[in-house]
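Enquirer: Just so it is clear, I am handing over start_0.cif, which has mmCIF, C-alpha atoms and all ligand atoms.
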```cif
data_entry
#
loop_
_atom_site.label_atom_id
_atom_site.label_comp_id
_atom_site.auth_asym_id
_atom_site.auth_seq_id
_atom_site.Cartn_x
_atom_site.Cartn_y
_atom_site.Cartn_z
CA MET A 1 20.57 4.17 0.12
CA ASN A 2 20.02 6.88 2.75
CA ASP A 3 20.08 6.32 6.53
CA SER A 4 16.33 6.33 7.07
CA PHE A 5 15.80 3.82 4.25
CA ARG A 6 18.52 1.62 5.74
CA ALA A 7 16.91 1.76 9.18
CA ALA A 8 13.50 0.90 7.69
CA ALA A 9 15.03 -1.98 5.72
CA GLU A 10 16.67 -3.34 8.89
CA ARG A 11 13.36 -3.17 10.77
CA SER A 12 11.69 -4.89 7.84
CA ALA A 13 14.24 -7.72 7.98
CA ALA A 14 13.64 -8.09 11.73
CA ILE A 15 9.89 -8.37 11.10
CA GLU A 16 10.61 -10.93 8.41
CA ALA A 17 12.46 -13.04 10.98
CA ARG A 18 9.62 -12.66 13.48
CA ILE A 19 7.04 -13.86 10.93
CA ALA A 20 8.83 -17.19 10.96
CA THR A 21 9.34 -17.48 14.71
CA ASP A 22 6.41 -15.68 16.33
CA PRO A 23 3.61 -14.77 13.89
CA GLY A 24 1.10 -14.50 16.74
CA SER A 25 2.91 -11.39 18.03
CA LEU A 26 2.23 -9.51 14.80
CA ARG A 27 -0.83 -7.62 13.61
CA MET A 28 -0.86 -6.24 10.09
CA LEU A 29 -2.57 -3.13 8.85
CA THR A 30 -2.26 -1.79 5.36
CA GLY A 31 -4.34 0.39 3.09
CA ASP A 32 -5.06 1.47 -0.44
CA ARG A 33 -6.86 4.53 -1.75
CA PRO A 34 -10.04 3.79 -3.73
CA THR A 35 -8.82 5.85 -6.68
CA GLY A 36 -8.98 2.95 -9.15
CA ALA A 37 -8.33 -0.77 -9.43
CA LEU A 38 -5.11 -2.33 -8.16
CA HIS A 39 -2.07 -2.61 -10.40
CA ILE A 40 0.92 -4.90 -10.54
CA GLY A 41 2.99 -2.37 -8.54
CA HIS A 42 0.61 -2.99 -5.63
CA TYR A 43 0.86 -6.69 -6.15
CA PHE A 44 4.63 -6.98 -6.05
CA GLY A 45 5.15 -4.00 -3.71
CA SER A 46 2.69 -4.99 -1.01
CA ILE A 47 0.02 -7.62 -1.71
CA GLN A 48 2.44 -10.53 -1.91
CA ASN A 49 3.62 -9.64 1.58
CA ARG A 50 0.04 -9.36 2.84
CA LEU A 51 -0.65 -12.86 1.52
CA LYS A 52 2.51 -14.21 3.09
CA LEU A 53 1.51 -12.74 6.47
CA GLN A 54 -1.97 -14.18 6.09
CA SER A 55 -0.68 -17.65 5.33
CA GLU A 56 1.67 -17.51 8.33
CA GLY A 57 -1.27 -16.81 10.61
CA VAL A 58 -0.74 -13.09 11.26
CA GLU A 59 -3.93 -11.12 11.88
CA ILE A 60 -4.76 -9.09 8.75
CA ILE A 61 -6.53 -5.74 8.83
CA GLN A 62 -7.06 -4.27 5.39
CA LEU A 63 -8.08 -0.64 5.14
CA ILE A 64 -9.64 1.14 2.20
CA ALA A 65 -8.65 4.78 2.70
CA ASP A 66 -11.63 6.57 1.17
CA TYR A 67 -11.09 9.94 2.90
CA GLN A 68 -7.60 9.97 1.41
CA VAL A 69 -9.07 10.25 -2.08
CA ILE A 70 -9.89 13.94 -1.56
CA THR A 71 -6.40 14.90 -0.44
CA ASP A 72 -4.98 15.58 -3.92
CA ARG A 73 -8.20 16.17 -5.90
CA GLU A 74 -11.44 18.08 -5.44
CA VAL A 75 -13.72 15.47 -6.93
CA GLY A 76 -13.50 11.93 -5.61
CA GLY A 77 -14.94 10.25 -8.71
CA ASP A 78 -16.79 6.96 -8.29
CA ILE A 79 -15.50 6.11 -4.80
CA ARG A 80 -18.12 3.44 -4.19
CA GLY A 81 -17.38 1.79 -7.52
CA ASN A 82 -13.66 1.92 -6.83
CA VAL A 83 -14.15 0.34 -3.38
CA HIS A 84 -15.99 -2.47 -5.14
CA GLN A 85 -13.13 -2.94 -7.62
CA LEU A 86 -10.53 -2.97 -4.83
CA LEU A 87 -12.43 -5.62 -2.94
CA LEU A 88 -12.62 -7.82 -6.02
CA ASP A 89 -8.87 -7.35 -6.46
CA TYR A 90 -8.21 -8.36 -2.84
CA LEU A 91 -10.36 -11.47 -3.08
CA ALA A 92 -8.94 -12.50 -6.46
CA SER A 93 -5.42 -12.04 -5.10
CA GLY A 94 -6.21 -14.38 -2.22
CA LEU A 95 -7.08 -12.22 0.80
CA ASP A 96 -9.44 -14.38 2.84
CA PRO A 97 -12.37 -12.43 4.35
CA GLU A 98 -12.75 -15.18 6.95
CA ARG A 99 -9.33 -14.26 8.30
CA ALA A 100 -8.95 -10.64 7.25
CA THR A 101 -10.92 -7.59 8.39
CA ILE A 102 -11.56 -5.45 5.31
CA PHE A 103 -13.07 -2.01 5.96
CA THR A 104 -13.44 1.61 4.77
CA HIS A 105 -12.10 4.18 7.24
CA SER A 106 -14.92 6.69 6.72
CA ALA A 107 -17.27 4.14 8.34
CA VAL A 108 -15.28 4.10 11.60
CA PRO A 109 -15.87 7.33 13.60
CA ALA A 110 -13.66 6.38 16.58
CA LEU A 111 -10.69 5.81 14.28
CA ASN A 112 -11.11 9.28 12.80
CA GLN A 113 -11.40 10.84 16.24
CA LEU A 114 -7.88 9.68 17.10
CA LEU A 115 -6.72 12.28 14.60
CA LEU A 116 -7.43 15.07 17.12
CA PRO A 117 -5.03 14.07 19.90
CA PHE A 118 -2.51 12.85 17.32
CA LEU A 119 -2.46 16.23 15.54
CA SER A 120 -1.45 17.88 18.80
CA LEU A 121 1.70 15.75 18.83
CA VAL A 122 3.02 16.95 15.47
CA SER A 123 4.37 20.33 14.38
CA VAL A 124 3.33 22.12 11.20
CA ALA A 125 6.99 22.29 10.12
CA GLU A 126 7.24 18.51 10.43
CA LEU A 127 4.15 18.06 8.26
CA GLN A 128 5.49 20.46 5.66
CA ARG A 129 8.73 18.51 5.36
CA ASN A 130 7.10 15.18 4.35
CA PRO A 131 8.71 14.28 0.98
CA THR A 132 5.90 11.99 -0.20
CA VAL A 133 3.25 14.67 0.36
CA LYS A 134 5.37 17.14 -1.61
CA GLU A 135 5.87 14.68 -4.44
CA GLU A 136 2.20 13.75 -4.63
CA ALA A 137 1.21 17.41 -4.68
CA ALA A 138 3.67 18.02 -7.52
CA THR A 139 2.32 15.00 -9.46
CA ALA A 140 -1.25 16.24 -9.04
CA GLY A 141 -0.18 19.74 -10.13
CA ILE A 142 -1.26 21.24 -6.79
CA THR A 143 0.34 24.51 -5.79
CA SER A 144 -1.81 25.13 -2.69
CA ILE A 145 -1.89 22.01 -0.46
CA ASN A 146 -5.18 21.62 1.45
CA GLY A 147 -5.35 20.89 5.19
CA LEU A 148 -6.33 17.25 4.72
CA MET A 149 -3.45 16.64 2.34
CA LEU A 150 -0.98 18.23 4.76
CA THR A 151 -2.26 16.15 7.67
CA TYR A 152 -3.04 12.84 5.98
CA PRO A 153 0.16 11.19 7.25
CA VAL A 154 -1.22 11.76 10.78
CA HIS A 155 -4.59 10.40 9.67
CA GLN A 156 -2.63 7.39 8.50
CA ALA A 157 -1.11 7.12 11.98
CA ALA A 158 -4.70 6.83 13.25
CA ASP A 159 -5.37 4.16 10.60
CA ILE A 160 -2.43 2.12 11.82
CA LEU A 161 -2.64 2.73 15.56
CA PHE A 162 -6.41 2.35 16.03
CA CYS A 163 -5.83 -1.40 15.90
CA LYS A 164 -2.34 -1.27 17.42
CA ALA A 165 -0.85 -2.79 14.29
CA ASN A 166 2.89 -3.41 14.40
CA VAL A 167 3.57 -4.43 10.79
CA VAL A 168 2.65 -2.48 7.66
CA PRO A 169 3.50 -3.96 4.22
CA VAL A 170 4.03 -0.98 1.93
CA GLY A 171 6.05 0.43 -0.94
CA LYS A 172 8.88 2.92 -0.56
CA ASP A 173 6.62 5.99 -0.99
CA GLN A 174 5.00 5.16 2.36
CA LEU A 175 8.16 5.14 4.49
CA PRO A 176 7.93 8.80 5.58
CA HIS A 177 4.37 8.09 6.77
CA ILE A 178 5.38 5.03 8.74
CA GLU A 179 8.11 7.14 10.34
CA GLN A 180 5.48 9.77 11.19
CA THR A 181 3.33 7.07 12.78
CA ARG A 182 6.27 5.86 14.87
CA VAL A 183 6.82 9.43 16.08
CA VAL A 184 3.14 9.86 16.98
CA ALA A 185 3.10 6.55 18.89
CA ARG A 186 6.31 7.43 20.75
CA ARG A 187 5.14 10.91 21.73
CA PHE A 188 1.72 9.70 22.81
CA ASN A 189 3.31 7.00 24.97
CA GLU A 190 5.74 9.50 26.51
CA ARG A 191 3.01 11.98 27.31
CA TYR A 192 0.18 9.70 28.43
CA GLY A 193 1.75 6.32 29.23
CA ALA A 194 2.46 3.18 27.21
CA THR A 195 -0.40 2.67 24.77
CA PHE A 196 0.73 2.12 21.18
CA PRO A 197 3.38 -0.07 19.48
CA GLU A 198 5.85 1.62 17.11
CA PRO A 199 5.05 -0.17 13.85
CA GLY A 200 7.57 -1.13 11.17
CA ALA A 201 7.20 -1.31 7.40
CA LEU A 202 7.49 -4.69 5.75
CA LEU A 203 9.25 -4.00 2.46
CA SER A 204 9.23 -6.25 -0.58
CA GLU A 205 11.99 -6.78 -3.11
CA VAL A 206 10.29 -4.24 -5.37
CA THR A 207 9.61 -1.17 -3.32
CA ASN A 208 8.90 1.07 -6.33
CA LEU A 209 7.73 -0.57 -9.54
CA LEU A 210 7.86 1.91 -12.43
CA GLY A 211 4.93 2.46 -14.76
CA THR A 212 4.93 2.59 -18.56
CA ASP A 213 6.20 6.20 -18.53
CA GLY A 214 9.23 5.36 -16.38
CA THR A 215 7.90 6.99 -13.16
CA LYS A 216 6.32 5.24 -10.11
CA MET A 217 3.37 3.15 -11.24
CA SER A 218 0.34 4.93 -9.74
CA LYS A 219 -3.39 4.55 -10.21
CA SER A 220 -3.73 8.28 -10.72
CA LYS A 221 -1.16 8.52 -13.48
CA GLY A 222 -2.55 6.29 -16.24
CA ASN A 223 0.80 4.46 -16.41
CA VAL A 224 -0.44 1.22 -14.87
CA ILE A 225 -0.95 -2.41 -15.74
CA GLU A 226 -4.03 -3.30 -13.72
CA LEU A 227 -4.46 -6.73 -12.22
CA ARG A 228 -7.83 -6.98 -13.97
CA MET A 229 -6.64 -6.11 -17.48
CA SER A 230 -7.06 -8.62 -20.30
CA ALA A 231 -4.02 -10.24 -21.93
CA ASP A 232 -4.47 -7.98 -24.98
CA GLU A 233 -4.71 -4.79 -22.93
CA THR A 234 -1.61 -5.85 -21.04
CA ALA A 235 0.26 -6.44 -24.31
CA ARG A 236 -0.74 -2.98 -25.59
CA LYS A 237 0.36 -1.29 -22.36
CA ILE A 238 3.73 -3.03 -22.27
CA LYS A 239 4.29 -2.28 -25.97
CA GLY A 240 3.97 1.42 -25.14
CA ALA A 241 6.36 1.26 -22.18
CA LYS A 242 9.35 3.59 -22.17
CA THR A 243 12.74 1.93 -22.82
CA ASP A 244 15.92 3.26 -24.43
CA SER A 245 17.57 3.01 -27.84
CA ASP A 246 20.36 0.55 -26.95
CA ARG A 247 19.45 -2.77 -28.66
CA LYS A 248 21.65 -4.82 -26.36
CA ILE A 249 19.61 -5.61 -23.25
CA THR A 250 21.58 -5.39 -20.00
CA TYR A 251 20.50 -5.31 -16.36
CA ASP A 252 21.70 -1.93 -15.08
CA PRO A 253 19.23 -0.51 -12.50
CA ASP A 254 21.10 2.80 -12.13
CA GLY A 255 22.06 3.45 -15.75
CA ARG A 256 18.98 1.97 -17.47
CA PRO A 257 16.10 2.14 -14.94
CA GLU A 258 13.24 1.53 -17.40
CA VAL A 259 14.86 -1.54 -18.97
CA ALA A 260 15.85 -2.83 -15.51
CA ASN A 261 12.28 -2.36 -14.31
CA LEU A 262 10.93 -4.52 -17.14
CA LEU A 263 13.58 -7.17 -16.51
CA LYS A 264 12.72 -7.21 -12.82
CA LEU A 265 9.06 -7.56 -13.64
CA ALA A 266 9.71 -10.54 -15.92
CA ALA A 267 11.96 -12.06 -13.26
CA MET A 268 9.29 -11.79 -10.57
CA CYS A 269 6.65 -13.36 -12.78
CA GLU A 270 8.96 -16.17 -13.94
CA ASP A 271 10.63 -16.58 -10.56
CA GLY A 272 13.92 -15.98 -12.38
CA ASP A 273 16.85 -13.61 -12.31
CA PRO A 274 16.83 -10.24 -14.16
CA ALA A 275 20.48 -10.40 -15.27
CA THR A 276 20.01 -13.90 -16.69
CA ILE A 277 16.91 -12.82 -18.59
CA ALA A 278 18.87 -9.86 -20.00
CA ASP A 279 21.58 -12.27 -21.26
CA GLU A 280 18.96 -14.47 -22.85
CA ILE A 281 17.44 -11.53 -24.74
CA GLY A 282 20.89 -10.21 -25.70
CA ASP A 283 20.71 -8.12 -28.90
CA GLY A 284 16.97 -8.65 -29.34
CA GLY A 285 16.25 -5.04 -28.34
CA GLY A 286 13.21 -3.46 -26.68
CA GLY A 287 10.77 -5.45 -28.83
CA ALA A 288 12.04 -8.83 -27.64
CA LEU A 289 12.20 -7.60 -24.04
CA LYS A 290 8.60 -6.41 -24.16
CA GLY A 291 7.46 -9.67 -25.74
CA ARG A 292 9.09 -11.62 -22.92
CA VAL A 293 7.59 -9.36 -20.23
CA THR A 294 4.10 -9.54 -21.75
CA GLU A 295 4.21 -13.33 -21.85
CA ALA A 296 5.49 -13.49 -18.27
CA VAL A 297 2.90 -11.07 -16.84
CA ASN A 298 -0.02 -12.66 -18.67
CA THR A 299 0.96 -16.17 -17.63
CA TYR A 300 1.54 -15.18 -14.00
CA PHE A 301 -1.74 -13.29 -13.59
CA ALA A 302 -3.99 -15.60 -15.65
CA PRO A 303 -5.34 -17.56 -12.63
CA LEU A 304 -5.94 -14.39 -10.61
CA ARG A 305 -7.76 -12.82 -13.56
CA ALA A 306 -9.95 -15.88 -14.04
CA ARG A 307 -10.87 -15.85 -10.34
CA ARG A 308 -11.68 -12.17 -10.52
CA THR A 309 -14.07 -12.65 -13.43
CA GLU A 310 -15.91 -15.34 -11.47
CA LEU A 311 -16.12 -13.20 -8.32
CA ALA A 312 -17.33 -10.14 -10.25
CA ALA A 313 -20.44 -12.06 -11.31
CA ASP A 314 -21.92 -11.82 -7.78
CA ALA A 315 -22.04 -8.22 -6.52
CA SER A 316 -23.51 -9.18 -3.12
CA ILE A 317 -20.28 -10.85 -1.92
CA VAL A 318 -18.51 -7.51 -1.71
CA ASP A 319 -21.30 -5.79 0.25
CA GLU A 320 -21.46 -8.61 2.80
CA ILE A 321 -17.71 -8.47 3.40
CA LEU A 322 -17.81 -4.71 3.97
CA VAL A 323 -20.68 -4.90 6.45
CA GLY A 324 -18.78 -7.46 8.53
CA GLY A 325 -15.42 -5.68 8.19
CA ASN A 326 -16.77 -2.26 9.14
CA GLN A 327 -18.53 -3.69 12.18
CA ARG A 328 -15.38 -5.37 13.44
CA ALA A 329 -13.22 -2.27 12.76
CA ASN A 330 -15.69 -0.17 14.77
CA GLU A 331 -15.42 -2.55 17.73
CA ILE A 332 -11.63 -2.33 17.69
CA ALA A 333 -11.65 1.47 17.28
CA ASP A 334 -14.18 2.00 20.09
CA THR A 335 -11.99 0.02 22.48
CA THR A 336 -8.85 1.96 21.55
CA LEU A 337 -10.56 5.36 21.73
CA ALA A 338 -11.94 4.51 25.18
CA GLU A 339 -8.41 3.68 26.34
CA VAL A 340 -7.02 6.87 24.80
CA ARG A 341 -9.66 9.02 26.51
CA GLU A 342 -8.95 7.30 29.81
CA LYS A 343 -5.20 7.91 29.49
CA MET A 344 -5.80 11.55 28.54
CA GLY A 345 -8.13 12.16 31.49
CA MET A 346 -11.11 12.66 29.20
CA SER A 347 -13.23 9.74 30.30
CA TYR A 348 -16.59 10.93 31.63
CA PRO A 349 -19.58 9.23 33.15
P1 LIG B 1 -2.71 6.85 -6.20
O1 LIG B 1 -2.12 7.26 -7.51
O2 LIG B 1 -4.17 7.07 -6.14
O3 LIG B 1 -1.98 7.42 -5.01
P2 LIG B 1 -1.22 4.40 -5.91
O4 LIG B 1 -1.05 3.59 -7.14
O5 LIG B 1 -0.08 5.23 -5.44
O6 LIG B 1 -2.54 5.26 -6.13
P3 LIG B 1 -1.97 3.76 -3.21
O7 LIG B 1 -3.38 3.35 -2.93
O8 LIG B 1 -1.58 5.17 -2.93
O9 LIG B 1 -1.68 3.43 -4.75
O10 LIG B 1 -0.92 2.81 -2.49
C1 LIG B 1 -1.29 1.56 -1.92
C2 LIG B 1 -0.08 0.76 -1.50
O11 LIG B 1 0.62 0.27 -2.63
C3 LIG B 1 0.96 1.53 -0.70
O12 LIG B 1 1.46 0.64 0.29
C4 LIG B 1 2.05 1.85 -1.68
O13 LIG B 1 3.32 1.96 -1.08
C5 LIG B 1 2.00 0.63 -2.59
N1 LIG B 1 2.41 0.99 -3.96
C6 LIG B 1 1.75 1.86 -4.77
N2 LIG B 1 2.39 1.98 -5.94
C7 LIG B 1 3.49 1.19 -5.88
C8 LIG B 1 4.54 0.87 -6.80
N3 LIG B 1 4.59 1.44 -8.00
N4 LIG B 1 5.51 0.00 -6.40
C9 LIG B 1 5.46 -0.58 -5.18
N5 LIG B 1 4.49 -0.34 -4.27
C10 LIG B 1 3.50 0.54 -4.60
MG MG B 2 -0.40 6.66 -3.79
#
```
Starting from the file, lay out its structure as structure tokens.
Expert:
Amino acid sequence: MNDSFRAAAERSAAIEARIATDPGSLRMLTGDRPTGALHIGHYFGSIQNRLKLQSEGVEIIQLIADYQVITDREVGGDIRGNVHQLLLDYLASGLDPERATIFTHSAVPALNQLLLPFLSLVSVAELQRNPTVKEEAATAGITSINGLMLTYPVHQAADILFCKANVVPVGKDQLPHIEQTRVVARRFNERYGATFPEPGALLSEVTNLLGTDGTKMSKSKGNVIELRMSADETARKIKGAKTDSDRKITYDPDGRPEVANLLKLAAMCEDGDPATIADEIGDGGGGALKGRVTEAVNTYFAPLRARRTELAADASIVDEILVGGNQRANEIADTTLAEVREKMGMSYP
């Protein structure tokens, strides 16, 4: 565990404590790219925490980061269709549109305008050092990073700070971006006067669920188990998951990451313990492990999947939620941008 991860984990624990004692002091923002439907990595890495915050009465602002789609690819694909799928996933998971603002950032001009002053607070060298941007570029096979990709962590600072959010439930890949947001907030406040909070990440137990190929589960990689998949599709995916040749199943996250990942997944779905599950499987090998995981995942997600099928029958629900969410996000962003202009001496009659 490196120092910056430790610091983020400590902040996350402090937020955790505050959820219990003072939920009204927290405002949550988090986002997903509309590059496909949500997968179980999202669910255990972030959505469970969003739902917990919602049920504790924290204000929930849920962003769909559509401009971020064209950071690591030239063609966005069916963005509108993917936004629709994401919304169905949110609703089926339990996000409540009565309590949560759900919006697409391209529909909020004042949010995007914050990018200009924020970019002036960050050096090119700093942007070029961001490890997640480098990794995503490598995954996408990009050798020449475009300007939007280089600067999207600052765009993300605008996403978080436009509503002055102070808690962001995310997976481990997002920590460099949260750190960048904290730096932007701090520098803005130093230069122009106290304006923005320095937000903290809320981390889950599973900060990096691996996909079927043994690398981070990601929509763009085809290594996912989607929330919306059928039980049969799920079984096929898990059957193809990478394991190792040792028939004795043991829980060893460092030595056997793929096997440990499957054990952890079963444990989360069964509300059990990965080492105990490993003992129970014993010499059963990869086949028995995968059978257990498939059963656990399908049982856990069955109610969510049934809800999703019902919701998908009425396309108008999604459109109505977006109209309301985008309107509210615009109101918040307009207020923040007016304050920013005032502080910067750019407020004109
Ligand atoms: P893409 O491949 O298009 O980047 P993605 O699967 O990485 O898609 P994002 O929309 O980039 O998904 O991420 C949304 C949120 O889900 C972020 O907070 C991210 O940290 C979290 N997340 C994504 N993948 C995982 C994972 N495998 N484990 C835990 N959290 C994850
Ligand atoms: Mg991603």
Enquirer: Counting only C-alpha atoms, what is within 7 Å of stretch 326-341 of chain A, bar same-chain residues fewer than 6 positions away, as a list in words?
Expert: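 Counting only the stated atoms, we get Phe103, Thr104, Ala107, Val108, Ala110, Leu111, Leu114, Phe162, Cys163 and Ser347 of chain A.
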Enquirer: With distances taken over only C-alpha atoms, which residue among A:Val69, A:Ile19, A:Leu227, A:Ile47 lies nearest A:Ser204?
Expert: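 Of all the options, A:Ile47 lies closest to A:Ser204.
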Enquirer: List the residues sitting within 8 Å of (-3.1, 1.4, 18.0) in the file's frame, using all atoms listed in the file, as a PyMOL selection string.
Expert: chain A and resi 158+160-165+195-197+336
Enquirer: What does the structure give for the distance between atom CA of A:Ala201 and atom CA of A:Arg186, in Å to one decimal?
Expert: 16.0 Å
Enquirer: Could you produce a table of the residues of chain A lying within 8 Å of ligand MG 2 (chain B), with the nearest pair of atoms per residue and their separation in Å rounded to one decimal, using only C-alpha atoms and all ligand atoms, ordered by chain and increasing residue number, as JSON lines?
Expert:
```
{"residue": "A:Asp32", "atom": "CA", "partner": "B:MG2", "partner_atom": "MG", "distance": 7.7}
{"residue": "A:Arg33", "atom": "CA", "partner": "B:MG2", "partner_atom": "MG", "distance": 7.1}
{"residue": "A:Glu136", "atom": "CA", "partner": "B:MG2", "partner_atom": "MG", "distance": 7.6}
{"residue": "A:Asp173", "atom": "CA", "partner": "B:MG2", "partner_atom": "MG", "distance": 7.6}
{"residue": "A:Ser218", "atom": "CA", "partner": "B:MG2", "partner_atom": "MG", "distance": 6.2}
{"residue": "A:Lys219", "atom": "CA", "partner": "B:MG2", "partner_atom": "MG", "distance": 7.4}
{"residue": "A:Ser220", "atom": "CA", "partner": "B:MG2", "partner_atom": "MG", "distance": 7.9}
```
Enquirer: Hey, can you spit out that residue selection with C-alpha atoms as a tab-separated table (two decimals), keeping the file's coordinate frame?
Expert:
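Contents of the output file again00.tsv:
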```
chain	number	residue	atom	x	y	z
A	32	ASP	CA	-5.06	1.47	-0.44
A	33	ARG	CA	-6.86	4.53	-1.75
A	136	GLU	CA	2.20	13.75	-4.63
A	173	ASP	CA	6.62	5.99	-0.99
A	218	SER	CA	0.34	4.93	-9.74
A	219	LYS	CA	-3.39	4.55	-10.21
A	220	SER	CA	-3.73	8.28	-10.72
```
Enquirer: Got a sec: who's within 9 Å of A:Leu87, counting only C-alpha atoms, leaving out chain neighbours fewer than 6 positions off, as a PyMOL selection string?
Expert: chain A and resi 64+102+318+321-322
Enquirer: How about saving the chosen residues, C-alpha atoms kept, as a compact mmCIF listing (two decimals), keeping the file's coordinate frame?
Expert:
```
# COMPACT_ATOMS: atom_id res chain seq x y z
CA ILE A 64 -9.64 1.14 2.20
CA ILE A 102 -11.56 -5.45 5.31
CA VAL A 318 -18.51 -7.51 -1.71
CA ILE A 321 -17.71 -8.47 3.40
CA LEU A 322 -17.81 -4.71 3.97
```
Enquirer: Which residues sit within 8 Å of ligand LIG 1 (chain B), counting only C-alpha atoms and all ligand atoms, listed as a ChimeraX atom specification?
Expert: /A:30-36,38-47,65,69,136,169-174,206-211,216-221
Enquirer: Output C-alpha atoms of each residue in that selection to a file, as a PDB file, in the coordinates of the input.
Expert:
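Dumped everything to result-v5.pdb:
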```pdb
ATOM      1  CA  THR A  30      -2.260  -1.790   5.360  1.00  0.00           C
ATOM      2  CA  GLY A  31      -4.340   0.390   3.090  1.00  0.00           C
ATOM      3  CA  ASP A  32      -5.060   1.470  -0.440  1.00  0.00           C
ATOM      4  CA  ARG A  33      -6.860   4.530  -1.750  1.00  0.00           C
ATOM      5  CA  PRO A  34     -10.040   3.790  -3.730  1.00  0.00           C
ATOM      6  CA  THR A  35      -8.820   5.850  -6.680  1.00  0.00           C
ATOM      7  CA  GLY A  36      -8.980   2.950  -9.150  1.00  0.00           C
ATOM      8  CA  LEU A  38      -5.110  -2.330  -8.160  1.00  0.00           C
ATOM      9  CA  HIS A  39      -2.070  -2.610 -10.400  1.00  0.00           C
ATOM     10  CA  ILE A  40       0.920  -4.900 -10.540  1.00  0.00           C
ATOM     11  CA  GLY A  41       2.990  -2.370  -8.540  1.00  0.00           C
ATOM     12  CA  HIS A  42       0.610  -2.990  -5.630  1.00  0.00           C
ATOM     13  CA  TYR A  43       0.860  -6.690  -6.150  1.00  0.00           C
ATOM     14  CA  PHE A  44       4.630  -6.980  -6.050  1.00  0.00           C
ATOM     15  CA  GLY A  45       5.150  -4.000  -3.710  1.00  0.00           C
ATOM     16  CA  SER A  46       2.690  -4.990  -1.010  1.00  0.00           C
ATOM     17  CA  ILE A  47       0.020  -7.620  -1.710  1.00  0.00           C
ATOM     18  CA  ALA A  65      -8.650   4.780   2.700  1.00  0.00           C
ATOM     19  CA  VAL A  69      -9.070  10.250  -2.080  1.00  0.00           C
ATOM     20  CA  GLU A 136       2.200  13.750  -4.630  1.00  0.00           C
ATOM     21  CA  PRO A 169       3.500  -3.960   4.220  1.00  0.00           C
ATOM     22  CA  VAL A 170       4.030  -0.980   1.930  1.00  0.00           C
ATOM     23  CA  GLY A 171       6.050   0.430  -0.940  1.00  0.00           C
ATOM     24  CA  LYS A 172       8.880   2.920  -0.560  1.00  0.00           C
ATOM     25  CA  ASP A 173       6.620   5.990  -0.990  1.00  0.00           C
ATOM     26  CA  GLN A 174       5.000   5.160   2.360  1.00  0.00           C
ATOM     27  CA  VAL A 206      10.290  -4.240  -5.370  1.00  0.00           C
ATOM     28  CA  THR A 207       9.610  -1.170  -3.320  1.00  0.00           C
ATOM     29  CA  ASN A 208       8.900   1.070  -6.330  1.00  0.00           C
ATOM     30  CA  LEU A 209       7.730  -0.570  -9.540  1.00  0.00           C
ATOM     31  CA  LEU A 210       7.860   1.910 -12.430  1.00  0.00           C
ATOM     32  CA  GLY A 211       4.930   2.460 -14.760  1.00  0.00           C
ATOM     33  CA  LYS A 216       6.320   5.240 -10.110  1.00  0.00           C
ATOM     34  CA  MET A 217       3.370   3.150 -11.240  1.00  0.00           C
ATOM     35  CA  SER A 218       0.340   4.930  -9.740  1.00  0.00           C
ATOM     36  CA  LYS A 219      -3.390   4.550 -10.210  1.00  0.00           C
ATOM     37  CA  SER A 220      -3.730   8.280 -10.720  1.00  0.00           C
ATOM     38  CA  LYS A 221      -1.160   8.520 -13.480  1.00  0.00           C
TER      39      LYS A 221
END
```
Enquirer: Take atom CA of A:Ala140 and atom CA of A:Asp72 and report the distance between them in Å, one decimal.
Expert: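 Atom-to-atom, atom CA of A:Ala140 to atom CA of A:Asp72, that is 6.4 Å.
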Enquirer: Give the answer as one residue: which of A:Ala14, A:Leu26, A:Ile225, A:Met344 has the shortest atom-to-atom distance to A:Arg191, using all atoms listed in the file?
Expert: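 That would be A:Met344, the residue with the smallest distance to A:Arg191.
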Enquirer: Using Å and a single decimal, report how far atom CA of A:Val167 sits from atom CA of A:Ala9.
Expert: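 For atom CA of A:Ala9 relative to atom CA of A:Val167, the distance reads 12.8 Å.
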Enquirer: Can you work out which one of A:Tyr67, A:Val293, A:Asp319, A:Ile249 has the shortest atom-to-atom distance to A:Ala278, counting all atoms listed in the file?
Expert: A:Ile249
Enquirer: Would you give the centre and edge lengths, in Å to one decimal, of a box along x, y and z around the listed atoms of stretch 245-256 of chain A, with 8 Å added to each side, as JSON?
Expert:
```
{"center_x": 19.8, "center_y": -1.1, "center_z": -20.4, "size_x": 20.5, "size_y": 25.1, "size_z": 32.5}
```
Enquirer: Counting all atoms listed in the file, which residue out of A:Ala137, A:Ala37, A:Ala8, A:Leu91 sits closest to A:Leu304?
Expert: A:Leu91
Enquirer: When distances are computed from all atoms listed in the file, which of A:Val58, A:Ile15, A:Ile317, A:Ala260 shows the smallest separation from A:Asp273?
Expert: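 Among A:Val58, A:Ile15, A:Ile317, A:Ala260, it is A:Ala260 that comes nearest to A:Asp273.
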Enquirer: Point out the residue among A:Val183, A:Asn82, A:Leu148, A:Thr101 with the least atom-to-atom distance to A:Ser123, counting only C-alpha atoms.
Expert: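 The shortest atom-to-atom distance to A:Ser123 comes from A:Val183.
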Enquirer: As a list in words, please: the residues near A:Pro199 (cut-off 8 Å, only C-alpha atoms, same-chain neighbours under 3 positions excluded).
Expert: Ala165, Asn166, Val167, Val168, Ile178, Thr181 and Arg182 of chain A
Enquirer: At a cut-off of 12 Å from (13.3, -7.0, -29.1) in the coordinates of the file, what residues are picked up using all atoms listed in the file, written as a ChimeraX atom specification?
Expert: /A:239,243-249,259,278,280-293
